[in-house]
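*Asks:* Have a peek at final-v5.tsv (TSV, C-alpha atoms).
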chain	number	residue	atom	x	y	z
A	81	MET	CA	17.52	81.23	-0.01
A	82	SER	CA	18.70	78.49	2.27
A	83	ASN	CA	15.08	77.49	2.88
A	84	ARG	CA	14.63	77.08	-0.84
A	85	VAL	CA	17.72	74.85	-1.11
A	86	ASN	CA	16.58	72.74	1.84
A	87	TYR	CA	13.12	72.43	0.32
A	88	ARG	CA	14.60	71.22	-2.98
A	89	ARG	CA	16.84	68.69	-1.22
A	90	ASN	CA	13.98	67.37	0.89
A	91	ASN	CA	11.67	67.25	-2.10
A	92	HIS	CA	14.31	65.34	-4.10
A	93	LYS	CA	14.75	62.85	-1.25
A	94	ARG	CA	11.00	62.32	-1.00
A	95	ARG	CA	10.74	61.73	-4.76
A	96	SER	CA	13.63	59.24	-4.79
A	97	VAL	CA	12.11	57.36	-1.84
A	98	SER	CA	8.76	57.35	-3.61
A	99	VAL	CA	10.33	56.05	-6.83
A	100	ARG	CA	12.12	53.28	-4.92
A	101	LEU	CA	8.89	52.28	-3.21
A	102	ASP	CA	7.07	52.21	-6.55
A	103	LYS	CA	9.79	49.98	-8.03
A	104	LEU	CA	9.59	47.70	-5.00
A	105	LYS	CA	5.79	47.45	-5.33
A	106	VAL	CA	6.06	46.59	-9.03
A	107	SER	CA	8.75	43.98	-8.33
A	108	PHE	CA	6.63	42.42	-5.61
A	109	PHE	CA	3.58	42.35	-7.89
A	110	ILE	CA	5.53	40.66	-10.70
A	111	CYS	CA	6.95	38.06	-8.28
A	112	ALA	CA	3.44	37.36	-6.97
A	113	ILE	CA	2.09	36.87	-10.51
A	114	VAL	CA	4.96	34.52	-11.42
A	115	PHE	CA	4.41	32.53	-8.22
A	116	ILE	CA	0.66	32.23	-8.84
A	117	CYS	CA	1.24	31.09	-12.44
A	118	PHE	CA	3.82	28.53	-11.33
A	119	ALA	CA	1.51	27.19	-8.62
A	120	ALA	CA	-1.37	26.92	-11.09
A	121	ILE	CA	0.73	25.06	-13.65
A	122	SER	CA	2.15	22.71	-11.00
A	123	GLY	CA	-1.33	22.02	-9.70
A	124	VAL	CA	-2.57	21.06	-13.16
A	125	ARG	CA	0.32	18.66	-13.69
A	126	ALA	CA	-0.04	17.14	-10.23
A	127	SER	CA	-3.78	16.64	-10.49
A	128	GLY	CA	-3.41	15.06	-13.92
A	129	SER	CA	-0.86	12.51	-12.73
A	130	VAL	CA	-2.50	11.34	-9.50
A	131	LYS	CA	-3.12	7.61	-9.44
A	132	ASP	CA	-5.27	5.68	-6.98
A	133	VAL	CA	-3.15	2.61	-6.45
A	134	ASN	CA	-3.14	-0.10	-3.82
A	135	LYS	CA	0.14	-1.84	-3.02
A	136	GLN	CA	-0.18	-5.52	-2.18
A	137	TYR	CA	2.23	-8.43	-1.97
A	138	ARG	CA	2.32	-11.73	-3.83
A	139	SER	CA	4.43	-14.86	-3.48
A	140	VAL	CA	6.16	-15.82	-6.73
A	141	LEU	CA	7.79	-19.17	-7.55
A	142	ILE	CA	11.33	-18.80	-8.90
A	143	SER	CA	11.80	-20.82	-12.09
A	144	GLU	CA	15.07	-22.20	-13.44
A	145	GLY	CA	17.13	-19.38	-14.96
A	146	ASP	CA	15.07	-16.58	-13.35
A	147	THR	CA	16.79	-13.46	-12.09
A	148	LEU	CA	15.36	-10.69	-9.97
A	149	TRP	CA	15.45	-8.54	-13.09
A	150	ASP	CA	13.18	-11.05	-14.90
A	151	ILE	CA	10.80	-11.09	-11.92
A	152	ALA	CA	10.77	-7.27	-11.81
A	153	ASP	CA	10.00	-7.10	-15.54
A	154	ALA	CA	7.11	-9.51	-15.09
A	155	HIS	CA	5.53	-7.94	-11.98
A	156	ASN	CA	6.47	-4.22	-11.89
A	157	ASP	CA	3.52	-2.55	-13.62
A	158	LYS	CA	4.99	0.68	-15.01
A	159	ASP	CA	1.52	2.15	-15.55
A	160	LEU	CA	0.71	1.94	-11.84
A	161	SER	CA	4.11	2.00	-10.16
A	162	ASP	CA	6.49	4.94	-10.04
A	163	MET	CA	9.37	2.55	-9.32
A	164	SER	CA	12.13	1.73	-11.76
A	165	ASN	CA	13.08	-1.95	-12.06
A	166	LYS	CA	16.21	-1.20	-10.03
A	167	GLU	CA	14.12	0.27	-7.18
A	168	TYR	CA	11.67	-2.62	-7.46
A	169	ILE	CA	14.50	-5.16	-7.15
A	170	LYS	CA	15.89	-3.32	-4.11
A	171	GLU	CA	12.45	-3.61	-2.49
A	172	ILE	CA	12.24	-7.34	-3.29
A	173	GLU	CA	15.69	-7.81	-1.76
A	174	SER	CA	14.65	-5.84	1.33
A	175	ILE	CA	11.35	-7.67	1.82
A	176	ASN	CA	12.93	-11.11	1.41
A	177	LYS	CA	16.27	-10.25	3.05
A	178	ILE	CA	18.20	-11.57	0.04
A	179	SER	CA	20.67	-10.39	-2.56
A	180	SER	CA	20.15	-10.82	-6.28
A	181	ASP	CA	22.67	-13.66	-6.54
A	182	SER	CA	21.04	-15.73	-3.78
A	183	ILE	CA	17.80	-16.79	-5.50
A	184	THR	CA	17.36	-20.40	-6.54
A	185	ALA	CA	14.77	-22.22	-8.60
A	186	GLY	CA	11.97	-23.81	-6.60
A	187	ASN	CA	12.01	-21.13	-3.88
A	188	TYR	CA	9.49	-18.35	-3.49
A	189	VAL	CA	9.99	-14.60	-3.22
A	190	ILE	CA	7.49	-12.04	-2.07
A	191	VAL	CA	7.03	-9.19	-4.54
A	192	PRO	CA	5.02	-5.99	-4.34
A	193	ILE	CA	2.24	-5.62	-6.86
A	194	PHE	CA	0.28	-2.49	-7.69
A	195	ILE	CA	-3.44	-2.65	-8.31
A	196	ALA	CA	-5.64	0.23	-9.47
A	197	ALA	CA	-8.03	1.17	-6.69
A	198	ASP	CA	-11.77	1.18	-7.32
A	199	LYS	CA	-13.15	4.69	-7.48
How would this structure read if it were set down as structure tokens?
*Replies:*
Amino acid sequence: MSNRVNYRRNNHKRRSVSVRLDKLKVSFFICAIVFICFAAISGVRASGSVKDVNKQYRSVLISEGDTLWDIADAHNDKDLSDMSNKEYIKEIESINKISSDSITAGNYVIVPIFIAADK
């Protein structure tokens, strides 16, 4: 009789371990499918938004009443650049070692420009 009880206990343990392993396999499979779908969707978005852009620099004459914001509006091409005007102005300040209140008419500033690359 004790052999029968031991057999039932061992059999129950084996079944519960088997059930846990099956659940773990299913969970892993679902996670893998979700990851693959996410990677595929991200790849489609990334490949659709890739731009071939060359960054160059141009010297711009500061006119009376100009601000760095005006210069950024005129030269920051939003179709080619991923920079906001604020980021663009920070780059102009960094390149020219100036602050926005230190520009004067008649001087030049160097600004980055973005040009679509030939394919």
*Asks:* At what distance in Å, to one decimal, does atom CA of Cys117 of chain A lie from atom CA of Leu160 of chain A?
*Replies:*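 Here the two named atoms are 29.2 Å from each other.
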*Asks:* Can you tell me which residues surround Asp153 of chain A at a distance of at most 12 Å, considering only C-alpha atoms, apart from same-chain residues fewer than 2 positions away, and format the answer as a compact mmCIF listing (two decimals) with C-alpha atoms, in the coordinates of the input?
*Replies:*
# COMPACT_ATOMS: atom_id res chain seq x y z
CA ASP A 146 15.07 -16.58 -13.35
CA THR A 147 16.79 -13.46 -12.09
CA LEU A 148 15.36 -10.69 -9.97
CA TRP A 149 15.45 -8.54 -13.09
CA ASP A 150 13.18 -11.05 -14.90
CA ILE A 151 10.80 -11.09 -11.92
CA HIS A 155 5.53 -7.94 -11.98
CA ASN A 156 6.47 -4.22 -11.89
CA ASP A 157 3.52 -2.55 -13.62
CA LYS A 158 4.99 0.68 -15.01
CA MET A 163 9.37 2.55 -9.32
CA SER A 164 12.13 1.73 -11.76
CA ASN A 165 13.08 -1.95 -12.06
CA LYS A 166 16.21 -1.20 -10.03
CA GLU A 167 14.12 0.27 -7.18
CA TYR A 168 11.67 -2.62 -7.46
CA ILE A 169 14.50 -5.16 -7.15
CA VAL A 191 7.03 -9.19 -4.54
CA ILE A 193 2.24 -5.62 -6.86
*Asks:* Between A:Ser174, A:Val97, A:Lys103, A:Asn187, which residue has the minimum interatomic distance to Glu144 of chain A, considering all atoms listed in the file?
*Replies:* A:Asn187
*Asks:* Using only C-alpha atoms, which protein or nucleic acid residues come within 8 Å of Leu141 of chain A? Drop anything in the same chain fewer than 2 positions from it, and give the result as a ChimeraX atom specification.
*Replies:* /A:139,143,185-189
*Asks:* So that I can check the surroundings of segment 134-138 of chain A, please list as a VMD selection string every protein, DNA and RNA residue that reaches within 6 Å of it, counting only C-alpha atoms and ignoring chain neighbours fewer than 6 positions away.
*Replies:* chain A and resid 190 to 195 197
*Asks:* When you count only C-alpha atoms, which of these residues is closest to Ile183 of chain A: A:Phe109, A:Leu104, A:Gly145, A:Ala120?
*Replies:*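 Looking at the shortest contact to Ile183 of chain A, the residue is A:Gly145.
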*Asks:* Will you model N, CA and C atoms for segment 170-183 of chain A and pass it back as a PDB file, in the coordinates of the input?
*Replies:*
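File produced: part_33.pdb:
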ATOM      1  N   LYS A 170      15.417  -3.655  -5.464  1.00  0.00           N
ATOM      2  CA  LYS A 170      15.890  -3.320  -4.110  1.00  0.00           C
ATOM      3  C   LYS A 170      14.797  -3.612  -3.077  1.00  0.00           C
ATOM      4  N   GLU A 171      13.542  -3.319  -3.421  1.00  0.00           N
ATOM      5  CA  GLU A 171      12.450  -3.610  -2.490  1.00  0.00           C
ATOM      6  C   GLU A 171      12.256  -5.106  -2.318  1.00  0.00           C
ATOM      7  N   ILE A 172      12.342  -5.880  -3.403  1.00  0.00           N
ATOM      8  CA  ILE A 172      12.240  -7.340  -3.290  1.00  0.00           C
ATOM      9  C   ILE A 172      13.345  -7.872  -2.388  1.00  0.00           C
ATOM     10  N   GLU A 173      14.562  -7.373  -2.592  1.00  0.00           N
ATOM     11  CA  GLU A 173      15.690  -7.810  -1.760  1.00  0.00           C
ATOM     12  C   GLU A 173      15.455  -7.461  -0.289  1.00  0.00           C
ATOM     13  N   SER A 174      14.914  -6.277  -0.040  1.00  0.00           N
ATOM     14  CA  SER A 174      14.650  -5.840   1.330  1.00  0.00           C
ATOM     15  C   SER A 174      13.554  -6.667   1.993  1.00  0.00           C
ATOM     16  N   ILE A 175      12.469  -6.905   1.275  1.00  0.00           N
ATOM     17  CA  ILE A 175      11.350  -7.670   1.820  1.00  0.00           C
ATOM     18  C   ILE A 175      11.786  -9.095   2.170  1.00  0.00           C
ATOM     19  N   ASN A 176      12.548  -9.702   1.261  1.00  0.00           N
ATOM     20  CA  ASN A 176      12.930 -11.110   1.410  1.00  0.00           C
ATOM     21  C   ASN A 176      14.271 -11.301   2.100  1.00  0.00           C
ATOM     22  N   LYS A 177      14.951 -10.199   2.403  1.00  0.00           N
ATOM     23  CA  LYS A 177      16.270 -10.250   3.050  1.00  0.00           C
ATOM     24  C   LYS A 177      17.234 -11.128   2.247  1.00  0.00           C
ATOM     25  N   ILE A 178      17.330 -10.817   0.955  1.00  0.00           N
ATOM     26  CA  ILE A 178      18.200 -11.570   0.040  1.00  0.00           C
ATOM     27  C   ILE A 178      19.019 -10.600  -0.799  1.00  0.00           C
ATOM     28  N   SER A 179      19.973 -11.157  -1.532  1.00  0.00           N
ATOM     29  CA  SER A 179      20.670 -10.390  -2.560  1.00  0.00           C
ATOM     30  C   SER A 179      20.354 -11.045  -3.891  1.00  0.00           C
ATOM     31  N   SER A 180      20.588 -10.328  -4.975  1.00  0.00           N
ATOM     32  CA  SER A 180      20.150 -10.820  -6.280  1.00  0.00           C
ATOM     33  C   SER A 180      20.832 -12.132  -6.686  1.00  0.00           C
ATOM     34  N   ASP A 181      22.004 -12.420  -6.137  1.00  0.00           N
ATOM     35  CA  ASP A 181      22.670 -13.660  -6.540  1.00  0.00           C
ATOM     36  C   ASP A 181      22.301 -14.841  -5.643  1.00  0.00           C
ATOM     37  N   SER A 182      21.370 -14.645  -4.711  1.00  0.00           N
ATOM     38  CA  SER A 182      21.040 -15.730  -3.780  1.00  0.00           C
ATOM     39  C   SER A 182      19.682 -16.378  -4.055  1.00  0.00           C
ATOM     40  N   ILE A 183      19.083 -16.144  -5.226  1.00  0.00           N
ATOM     41  CA  ILE A 183      17.800 -16.790  -5.500  1.00  0.00           C
ATOM     42  C   ILE A 183      18.049 -18.110  -6.227  1.00  0.00           C
TER      43      ILE A 183
END
